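Q: Input structure: target.cif, which contains mmCIF, C-alpha atoms and all ligand atoms.
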data_query
loop_
_atom_site.label_atom_id
_atom_site.label_comp_id
_atom_site.auth_asym_id
_atom_site.auth_seq_id
_atom_site.Cartn_x
_atom_site.Cartn_y
_atom_site.Cartn_z
CA MET J 1 177.10 45.85 139.15
CA LYS J 2 174.75 47.02 141.86
CA ASP J 3 175.35 50.09 143.99
CA LEU J 4 175.08 49.47 147.72
CA PHE J 5 172.70 52.38 148.22
CA GLU J 6 170.33 51.50 145.36
CA LYS J 7 167.89 49.84 147.74
CA CYS J 8 167.51 53.05 149.71
CA LEU J 9 165.52 54.53 146.82
CA GLY J 10 163.01 51.67 146.67
CA ASP J 11 160.38 50.36 149.07
CA SER J 12 162.15 47.22 150.29
CA GLY J 13 163.42 46.80 153.85
CA TYR J 14 161.47 47.08 157.10
CA PHE J 15 158.28 49.10 156.61
CA GLY J 16 159.56 50.06 153.14
CA PRO J 17 156.26 51.45 151.76
CA PHE J 18 155.83 53.60 154.88
CA ARG J 19 159.42 54.87 154.64
CA VAL J 20 159.04 55.81 150.99
CA ARG J 21 155.82 57.67 151.77
CA GLY J 22 157.54 59.61 154.57
CA ASP J 23 154.81 58.34 156.90
CA HIS J 24 154.80 59.60 160.48
CA TYR J 25 151.38 58.35 161.40
CA PHE J 26 151.53 54.54 161.29
CA SER J 27 155.29 54.06 161.46
CA ARG J 28 157.50 56.32 163.57
CA PRO J 29 154.44 58.35 164.67
CA VAL J 30 155.49 61.70 166.08
CA LEU J 31 154.27 62.00 169.67
CA ASP J 32 154.76 64.70 172.23
CA PRO J 33 157.49 63.25 174.50
CA VAL J 34 155.83 63.76 177.90
CA PRO J 35 154.76 60.20 178.76
CA GLY J 36 151.51 59.31 180.47
CA HIS J 37 148.09 57.73 180.18
CA GLU J 38 147.20 60.80 178.14
CA MET J 39 149.55 62.16 175.51
CA ILE J 40 149.48 64.58 172.61
CA PHE J 41 149.43 63.11 169.10
CA HIS J 42 149.02 65.31 166.02
CA GLY J 43 147.86 68.17 168.26
CA GLN J 44 145.13 66.06 169.85
CA LYS J 45 144.96 64.62 173.36
CA VAL J 46 144.85 60.82 173.17
CA ILE J 47 144.53 58.02 175.71
CA GLN J 48 147.82 56.21 175.41
CA TRP J 49 147.83 52.38 175.33
CA SER J 50 151.15 51.84 173.59
CA ILE J 51 153.82 52.79 176.11
CA ASN J 52 155.24 50.23 178.53
CA ASN J 53 154.61 52.41 181.54
CA TYR J 54 153.17 49.44 183.47
CA LEU J 55 153.34 50.95 186.95
CA GLY J 56 152.78 54.56 185.92
CA LEU J 57 156.26 55.52 187.09
CA ALA J 58 156.96 57.57 183.97
CA GLU J 59 154.54 60.09 185.50
CA SER J 60 155.99 60.07 189.02
CA GLU J 61 156.75 63.61 190.16
CA GLU J 62 159.01 62.19 192.87
CA ILE J 63 161.18 60.45 190.27
CA LYS J 64 161.19 63.49 188.00
CA ALA J 65 162.40 65.67 190.90
CA LEU J 66 165.16 63.18 191.61
CA ALA J 67 166.24 63.23 187.96
CA VAL J 68 166.37 67.04 188.03
CA GLU J 69 168.44 66.94 191.22
CA ALA J 70 170.84 64.39 189.71
CA ALA J 71 171.13 66.46 186.53
CA ARG J 72 171.99 69.52 188.63
CA THR J 73 174.78 67.63 190.40
CA TYR J 74 176.17 65.52 187.58
CA GLY J 75 175.00 67.13 184.34
CA ALA J 76 174.29 64.98 181.33
CA SER J 77 177.89 63.81 180.94
CA ALA J 78 178.72 61.88 184.09
CA PRO J 79 180.44 59.56 184.39
CA MET J 80 182.89 60.16 181.55
CA GLY J 81 184.16 56.87 180.23
CA ALA J 82 183.58 53.12 180.22
CA ARG J 83 183.41 51.23 183.52
CA MET J 84 186.68 49.50 182.67
CA MET J 85 188.49 52.84 182.53
CA THR J 86 187.01 55.95 184.11
CA GLY J 87 183.28 55.33 184.25
CA ASN J 88 183.00 53.17 187.36
CA THR J 89 181.59 54.74 190.54
CA GLU J 90 180.58 53.56 193.98
CA TYR J 91 176.99 54.38 192.94
CA HIS J 92 177.07 51.93 190.03
CA ILE J 93 178.50 49.25 192.29
CA ALA J 94 175.90 49.92 194.99
CA LEU J 95 173.07 49.82 192.46
CA GLU J 96 174.27 46.47 191.14
CA LYS J 97 174.32 45.11 194.68
CA LYS J 98 170.85 46.48 195.32
CA PHE J 99 169.47 44.77 192.22
CA ALA J 100 171.25 41.53 193.07
CA ASP J 101 169.78 41.55 196.59
CA TRP J 102 166.28 42.30 195.39
CA LEU J 103 166.49 39.72 192.64
CA GLN J 104 167.90 37.17 195.11
CA LYS J 105 170.88 36.43 192.92
CA GLU J 106 174.53 36.61 193.95
CA ASP J 107 175.42 39.48 191.65
CA ALA J 108 174.09 41.82 188.98
CA VAL J 109 175.60 43.76 186.05
CA LEU J 110 174.25 47.04 184.70
CA PHE J 111 173.91 47.78 180.99
CA ASN J 112 173.08 51.00 179.16
CA TYR J 113 170.19 49.55 177.19
CA GLY J 114 168.18 46.37 177.41
CA TYR J 115 169.01 45.63 173.80
CA LEU J 116 172.74 45.92 174.41
CA GLY J 117 172.49 44.03 177.69
CA VAL J 118 170.88 41.03 176.05
CA ILE J 119 173.43 40.97 173.23
CA GLY J 120 176.36 41.56 175.57
CA THR J 121 175.29 38.90 178.06
CA ILE J 122 174.61 36.19 175.49
CA ALA J 123 177.63 36.89 173.33
CA SER J 124 180.01 37.04 176.28
CA LEU J 125 179.03 33.57 177.48
CA VAL J 126 178.48 31.65 174.28
CA ASP J 127 180.82 31.06 171.36
CA ALA J 128 181.02 29.06 168.14
CA THR J 129 181.60 25.82 170.06
CA ASP J 130 178.28 26.19 171.93
CA THR J 131 174.63 25.85 170.94
CA ILE J 132 171.72 28.15 171.64
CA ILE J 133 168.15 26.89 171.51
CA VAL J 134 165.80 29.83 171.21
CA ASP J 135 162.02 30.31 171.28
CA LYS J 136 160.77 31.31 167.85
CA LEU J 137 159.07 34.49 169.08
CA SER J 138 162.02 35.82 171.06
CA HIS J 139 162.82 39.52 170.73
CA ALA J 140 165.34 40.73 168.12
CA SER J 141 167.93 41.47 170.81
CA MET J 142 168.21 37.75 171.58
CA LEU J 143 168.51 36.83 167.92
CA ASP J 144 171.15 39.51 167.43
CA GLY J 145 172.98 38.23 170.51
CA ILE J 146 173.01 34.78 168.94
CA PHE J 147 174.35 36.11 165.62
CA VAL J 148 177.07 38.12 167.37
CA SER J 149 178.07 35.12 169.50
CA GLN J 150 178.47 32.97 166.35
CA ALA J 151 177.02 30.04 168.27
CA LYS J 152 175.21 27.25 166.47
CA PHE J 153 171.53 27.80 167.04
CA ARG J 154 168.24 25.99 166.79
CA VAL J 155 164.77 27.50 167.00
CA TYR J 156 161.96 25.77 168.91
CA ARG J 157 158.28 26.33 168.20
CA HIS J 158 156.80 29.07 170.32
CA ASN J 159 156.53 27.86 173.92
CA ASP J 160 156.31 24.27 172.72
CA MET J 161 158.10 22.05 175.21
CA ASN J 162 158.08 18.98 172.95
CA SER J 163 159.86 21.01 170.31
CA LEU J 164 162.39 22.30 172.86
CA GLU J 165 163.03 18.81 174.19
CA SER J 166 163.58 17.34 170.75
CA HIS J 167 166.20 20.01 170.02
CA LEU J 168 167.90 19.37 173.38
CA LYS J 169 167.97 15.64 172.67
CA HIS J 170 169.38 16.20 169.23
CA VAL J 171 172.14 18.51 170.46
CA ASN J 172 173.11 16.20 173.32
CA LYS J 173 173.63 13.23 170.96
CA ASP J 174 176.96 14.55 169.86
CA ARG J 175 177.53 17.41 172.24
CA LYS J 176 180.87 19.11 172.65
CA GLY J 177 180.15 22.64 173.91
CA GLY J 178 177.65 24.18 176.30
CA VAL J 179 173.96 24.72 175.65
CA MET J 180 171.92 27.82 176.43
CA ILE J 181 168.13 27.98 176.26
CA VAL J 182 167.07 31.52 175.41
CA THR J 183 163.57 32.89 175.78
CA GLU J 184 161.50 35.87 176.78
CA GLY J 185 159.69 35.54 180.12
CA VAL J 186 156.53 37.47 179.32
CA PHE J 187 156.41 37.68 175.54
CA GLY J 188 156.18 41.39 174.89
CA MET J 189 153.92 41.29 171.87
CA ARG J 190 151.21 38.81 172.86
CA GLY J 191 151.61 38.87 176.63
CA ASP J 192 151.79 35.10 177.00
CA ILE J 193 154.45 33.67 179.25
CA ALA J 194 157.19 31.10 178.76
CA ASP J 195 156.51 27.77 180.46
CA LEU J 196 159.37 28.30 182.87
CA PRO J 197 158.72 25.33 185.19
CA ALA J 198 158.91 22.97 182.19
CA ILE J 199 161.91 24.79 180.70
CA CYS J 200 163.75 24.60 184.04
CA ALA J 201 163.04 20.88 184.29
CA LEU J 202 164.33 20.35 180.75
CA LYS J 203 167.46 22.39 181.29
CA GLU J 204 168.28 20.23 184.29
CA LYS J 205 167.52 17.00 182.47
CA TYR J 206 169.74 17.94 179.52
CA ASP J 207 172.48 19.87 181.38
CA ALA J 208 171.74 23.19 179.73
CA ARG J 209 171.64 26.75 181.05
CA ILE J 210 168.78 29.18 180.75
CA PHE J 211 168.85 32.87 179.86
CA ILE J 212 165.58 34.69 180.29
CA ASP J 213 164.90 38.17 178.97
CA ASP J 214 162.00 39.29 181.13
CA ALA J 215 161.66 42.80 179.76
CA HIS J 216 157.88 42.72 180.21
CA GLY J 217 157.78 40.71 183.44
CA PHE J 218 160.39 42.70 185.36
CA GLY J 219 158.67 44.76 188.08
CA VAL J 220 155.34 43.44 186.83
CA MET J 221 154.95 39.68 187.41
CA GLY J 222 155.14 37.85 190.72
CA GLU J 223 154.01 39.00 194.14
CA LYS J 224 157.04 41.25 194.63
CA GLY J 225 157.49 42.15 190.97
CA ARG J 226 160.62 40.02 190.59
CA GLY J 227 159.26 38.72 187.33
CA SER J 228 158.11 35.63 185.51
CA GLY J 229 160.30 33.26 187.53
CA GLU J 230 158.74 34.54 190.75
CA TYR J 231 155.28 34.17 189.21
CA PHE J 232 155.93 30.46 188.68
CA GLY J 233 158.02 29.92 191.83
CA VAL J 234 161.13 28.96 189.82
CA HIS J 235 163.11 32.21 189.99
CA ASP J 236 165.96 30.46 191.84
CA LYS J 237 166.33 28.00 188.96
CA LEU J 238 166.93 30.71 186.35
CA ASP J 239 170.67 30.79 185.64
CA ILE J 240 170.55 34.26 184.10
CA TYR J 241 167.70 36.67 184.67
CA PHE J 242 167.65 39.78 182.52
CA GLY J 243 165.43 42.84 182.89
CA THR J 244 165.32 46.16 181.08
CA PHE J 245 164.67 49.49 182.79
CA ALA J 246 162.83 50.81 179.74
CA LYS J 247 159.43 49.46 180.75
CA ALA J 248 158.05 49.11 184.31
CA PHE J 249 161.14 50.94 185.63
CA ALA J 250 160.40 53.87 183.28
CA ALA J 251 164.07 54.73 182.68
CA ILE J 252 166.85 53.47 180.41
CA GLY J 253 169.26 50.58 180.87
CA GLY J 254 169.12 46.94 181.86
CA VAL J 255 170.45 44.44 184.36
CA THR J 256 171.70 40.87 184.23
CA ALA J 257 171.40 38.95 187.50
CA THR J 258 173.24 35.69 188.04
CA THR J 259 175.94 34.02 190.13
CA LYS J 260 179.06 35.88 191.22
CA PRO J 261 181.55 34.20 188.85
CA VAL J 262 179.21 34.48 185.86
CA ALA J 263 178.53 38.16 186.59
CA GLU J 264 182.25 38.85 186.90
CA TRP J 265 182.83 37.07 183.58
CA ILE J 266 180.13 39.20 181.93
CA ARG J 267 181.63 42.40 183.40
CA TYR J 268 184.96 41.62 181.78
CA ASN J 269 183.68 40.12 178.53
CA ALA J 270 180.43 41.79 177.47
CA ARG J 271 181.66 43.90 174.60
CA THR J 272 178.49 45.98 174.35
CA GLN J 273 179.31 47.43 177.77
CA ILE J 274 183.08 47.25 178.14
CA PHE J 275 183.52 49.31 174.98
CA ALA J 276 180.75 51.78 175.84
CA LYS J 277 180.42 54.66 178.24
CA SER J 278 178.82 53.63 181.53
CA LEU J 279 175.19 54.17 182.54
CA PRO J 280 174.67 57.92 183.15
CA MET J 281 174.51 59.10 186.76
CA ILE J 282 171.01 60.49 186.27
CA TYR J 283 169.74 56.96 185.69
CA VAL J 284 171.86 55.42 188.41
CA GLN J 285 170.41 57.84 190.95
CA VAL J 286 166.85 57.52 189.74
CA LEU J 287 166.90 53.73 189.47
CA SER J 288 167.87 53.26 193.09
CA LYS J 289 164.69 55.09 194.11
CA THR J 290 162.59 53.38 191.44
CA LEU J 291 163.69 50.02 192.77
CA ASP J 292 162.60 51.03 196.30
CA ILE J 293 159.18 51.95 194.93
CA ILE J 294 158.82 48.79 192.89
CA ALA J 295 159.96 46.60 195.76
CA ASN J 296 157.74 48.21 198.39
CA ASP J 297 154.74 49.88 196.74
CA GLN J 298 152.24 47.11 196.07
CA ALA J 299 149.47 49.63 195.33
CA ARG J 300 150.79 50.46 191.87
CA ARG J 301 150.93 46.81 190.83
CA LYS J 302 147.45 46.22 192.26
CA LYS J 303 146.01 49.15 190.28
CA MET J 304 147.70 47.94 187.10
CA TRP J 305 146.15 44.48 187.51
CA GLU J 306 142.71 45.97 188.19
CA ASN J 307 142.94 48.14 185.09
CA ALA J 308 144.15 45.20 183.02
CA ALA J 309 141.17 43.08 184.12
CA LYS J 310 138.70 45.89 183.30
CA ILE J 311 139.98 46.73 179.82
CA LYS J 312 140.35 43.07 178.82
CA ALA J 313 136.82 42.18 180.00
CA GLY J 314 135.27 45.26 178.36
CA ILE J 315 136.81 44.64 174.95
CA ARG J 316 136.18 40.89 175.15
CA ASP J 317 132.50 41.54 175.89
CA LEU J 318 132.23 43.35 172.56
CA GLY J 319 133.10 40.11 170.79
CA TYR J 320 136.78 40.79 170.16
CA GLU J 321 139.30 38.01 170.70
CA VAL J 322 141.45 39.12 173.65
CA GLY J 323 144.43 37.00 174.66
CA GLU J 324 143.87 34.86 177.78
CA VAL J 325 147.29 35.59 179.19
CA PRO J 326 148.64 35.77 182.73
CA SER J 327 150.41 39.10 182.11
CA PRO J 328 148.61 42.47 182.20
CA LEU J 329 149.05 42.91 178.44
CA CYS J 330 145.73 43.34 176.66
CA ALA J 331 146.24 41.69 173.28
CA VAL J 332 143.27 42.38 171.01
CA TYR J 333 143.17 40.34 167.80
CA VAL J 334 141.27 41.82 164.89
CA PRO J 335 140.65 40.09 161.57
CA ALA J 336 141.91 42.99 159.50
CA GLY J 337 142.36 41.04 156.28
CA ASP J 338 144.48 43.38 154.27
CA VAL J 339 146.67 46.30 155.25
CA PRO J 340 144.22 49.10 154.24
CA LEU J 341 141.53 47.78 156.58
CA GLY J 342 144.11 47.53 159.37
CA MET J 343 145.14 51.13 158.78
CA ALA J 344 141.50 52.23 158.74
CA ILE J 345 140.92 50.62 162.15
CA ILE J 346 143.99 52.32 163.63
CA LYS J 347 143.01 55.67 162.11
CA SER J 348 139.43 55.44 163.43
CA LEU J 349 140.60 54.66 166.94
CA ARG J 350 143.16 57.45 166.92
CA ASP J 351 140.59 59.90 165.53
CA MET J 352 138.47 59.05 168.57
CA GLY J 353 141.44 59.85 170.82
CA ILE J 354 142.56 56.29 171.47
CA PHE J 355 146.22 55.70 170.64
CA VAL J 356 146.90 52.07 169.85
CA THR J 357 149.57 50.43 167.74
CA GLY J 358 148.95 47.55 165.35
CA VAL J 359 151.28 44.57 165.18
CA ILE J 360 151.22 42.33 162.13
CA TYR J 361 152.72 39.12 160.71
CA PRO J 362 155.04 37.36 161.64
CA VAL J 363 154.10 38.04 165.28
CA VAL J 364 150.54 37.01 164.45
CA PRO J 365 149.23 34.98 161.51
CA LYS J 366 148.71 36.78 158.20
CA GLY J 367 145.42 38.71 158.03
CA ILE J 368 145.31 39.37 161.77
CA LEU J 369 146.03 42.73 163.32
CA LEU J 370 147.13 42.67 166.95
CA PHE J 371 146.48 45.67 169.13
CA ARG J 372 149.06 45.29 171.82
CA MET J 373 147.66 47.43 174.62
CA VAL J 374 149.54 48.10 177.84
CA PRO J 375 147.23 48.76 180.80
CA THR J 376 149.05 50.85 183.38
CA ALA J 377 148.56 51.89 186.98
CA SER J 378 147.80 55.42 185.82
CA HIS J 379 144.89 54.72 183.47
CA THR J 380 141.58 55.92 184.86
CA ASP J 381 138.14 54.31 184.74
CA GLU J 382 137.13 57.02 182.29
CA ASP J 383 140.08 56.12 180.00
CA ILE J 384 138.93 52.52 180.06
CA GLN J 385 135.26 53.28 179.37
CA ARG J 386 136.10 55.67 176.51
CA THR J 387 138.40 53.07 174.99
CA ILE J 388 135.79 50.32 175.17
CA ALA J 389 133.24 52.64 173.56
CA ALA J 390 135.69 53.41 170.73
CA PHE J 391 136.28 49.70 170.07
CA LYS J 392 132.49 49.23 169.90
CA LYS J 393 132.13 52.06 167.39
CA VAL J 394 134.94 50.71 165.20
CA ARG J 395 133.41 47.22 165.29
CA ASP J 396 130.07 48.63 164.11
CA ASP J 397 131.26 51.32 161.67
CA LEU J 398 133.72 49.04 159.88
CA LYS J 399 131.52 45.94 160.23
CA LEU J 400 134.38 43.82 161.51
CA ASP J 401 133.93 40.07 161.15
CA LEU J 402 135.09 39.28 164.70
CA GLY J 403 133.91 35.67 164.54
CA ALA J 404 136.66 34.87 162.04
CA THR J 405 139.49 35.63 164.46
CA LYS J 406 139.60 32.32 166.33
CA THR J 407 139.98 30.25 163.17
CA MET J 408 142.66 32.56 161.79
CA MET J 409 144.54 32.49 165.11
CA SER J 410 144.87 28.71 165.08
CA GLN J 411 147.68 29.09 162.57
CA GLU J 412 151.14 29.22 164.14
CA PRO J 413 152.61 32.73 163.70
CA GLY J 414 155.59 32.95 161.41
CA ASP J 415 154.71 29.73 159.57
C1 LIG F 501 161.88 41.43 175.15
C2 LIG F 501 162.71 42.67 174.98
N1 LIG F 501 164.04 42.60 175.15
C3 LIG F 501 164.83 43.67 175.00
C4 LIG F 501 164.29 44.90 174.66
C5 LIG F 501 165.20 46.06 174.47
O1 LIG F 501 165.19 46.85 175.64
P1 LIG F 501 165.66 48.37 175.63
O2 LIG F 501 164.55 49.17 175.05
O3 LIG F 501 165.91 48.64 177.08
O4 LIG F 501 166.90 48.46 174.81
C6 LIG F 501 162.93 45.02 174.50
C7 LIG F 501 162.34 46.32 174.12
O5 LIG F 501 161.47 46.44 173.31
C8 LIG F 501 162.10 43.88 174.65
O6 LIG F 501 160.78 43.95 174.51
#
Using structure tokens, write down the structure from this file.
Ligand SMILES: Cc1ncc(COP(=O)(O)O)c(C=O)c1O
A:
Amino acid sequence: MKDLFEKCLGDSGYFGPFRVRGDHYFSRPVLDPVPGHEMIFHGQKVIQWSINNYLGLAESEEIKALAVEAARTYGASAPMGARMMTGNTEYHIALEKKFADWLQKEDAVLFNYGYLGVIGTIASLVDATDTIIVDKLSHASMLDGIFVSQAKFRVYRHNDMNSLESHLKHVNKDRKGGVMIVTEGVFGMRGDIADLPAICALKEKYDARIFIDDAHGFGVMGEKGRGSGEYFGVHDKLDIYFGTFAKAFAAIGGVTATTKPVAEWIRYNARTQIFAKSLPMIYVQVLSKTLDIIANDQARRKKMWENAAKIKAGIRDLGYEVGEVPSPLCAVYVPAGDVPLGMAIIKSLRDMGIFVTGVIYPVVPKGILLFRMVPTASHTDEDIQRTIAAFKKVRDDLKLDLGATKTMMSQEPGD
């Protein structure tokens, strides 16, 4: 007979070898918490490319002052209780209305975390009689939402509309329940974007609904920052638009925007929120201001896009494969072969004061290391030049075979 805890002593599980080694460099690196384009890592100042501070709002003194003011008034505890019981306030209601208006949807529902918002939204609307068709590279929160919902589910090849259509056709042959297409908007790891015009056309053709988790497009994509749907001009066709506050909004929480009856249903049925304390007042106060900034301050988005163009071009010019994606994400693909070489690249960059994080299989094909770099409005030209110089040095010192990347990338991730 096996003891339940036996595995905890071995190196299985997520990042098992790193866990067993007690590593705090590659996995769970310990960083000074003050966020910004520069941060402190292992006592050294580093240029930070791994936080989702797209618009630089994590560094806004105006927002910090507002948070302090809210903390003085409400403390860390308010409101006490779930929204269903004692945690509902006029401020929460007003913030939901403000998000609904900005997102041009009838209504919006706040959640405490993006992760819980995605699970709560999906699982409240879908049950075992329904089917979910999900993009293969969708974030864990969507997969967990599917598992919690107990819906039947099918996985389509990443952003492959033929694959999606064949699943829709198959499900409709003998369809009893509803169908939900689930995808990220901007895919957070590689920065590519779901083909929303085609997905919207398919959902209409096959009488399905679409849920989009636009964690990385929210506040970022589209002229007004309303996200990936706005970028493509199909925002009004998205049945459920979800955004997290943990990235461009530089806070905590998330929001589901949809029609009035669907939002009301979610409010009364999303277990991840009805059985949890409501979003703290500090965030409610701060987010109202953050939304004003995101809606009205085009300068931050413009700077982010300029910085994204500069860093992508600079690293690409060195011969690295950099994703041609419409989002600001700078996805640098390095043929790292085995794990030790990957770790050596990360270590060299960090030693030069450039903090990047490596992403591996199954997000990218085996043997490839993806540096998922987030250009923000607060990076400076000097940050960018120093980073490009560091990538050049790593290329030369470690004699990276950059030419091999394209061939290796042709393999579908996760296959
Ligand atoms: C696509 C996507 N959805 C959901 C989440 C979870 O959001 P949060 O950190 O607000 O819980 C993330 C965060 O990494 C994400 O990238």
Q: What's the separation between CA of Ala257 (chain J) and CA of Glu96 (chain J), in Å to one decimal place?
A: 8.8 Å
Q: Please identify all protein, DNA and RNA residues within 9 Å of ligand LIG 501 (chain F), counting only C-alpha atoms and all ligand atoms, and report them as a ChimeraX atom specification.
A: /J:52,111-118,138-142,183-189,213-216,242-247,251-254
Q: Between J:Pro365, J:Pro328, J:Pro29, J:Gly16, which has the minimum distance to Asn53 (chain J) (counting all atoms listed in the file)?
A: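 The answer is J:Pro328, which sits nearest to Asn53 (chain J).
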Q: Expressed in Å to a single decimal, how great is the separation between CA of Cys330 (chain J) and CA of Met373 (chain J)?
A: 5.0 Å
Q: Just want the 9 Å neighbourhood of region 263-273 of chain J, counted on only C-alpha atoms, with same-chain residues fewer than 5 positions away dropped. Output as an MDAnalysis selection string.
A: chainID J and resid 82:84 106:112 116:117 119:125 256:258 278
Q: Which residue out of J:Leu95, J:Val363, J:Val322, J:Thr387 has the minimum interatomic distance to Asp292 (chain J) when only C-alpha atoms are used?
A: J:Leu95
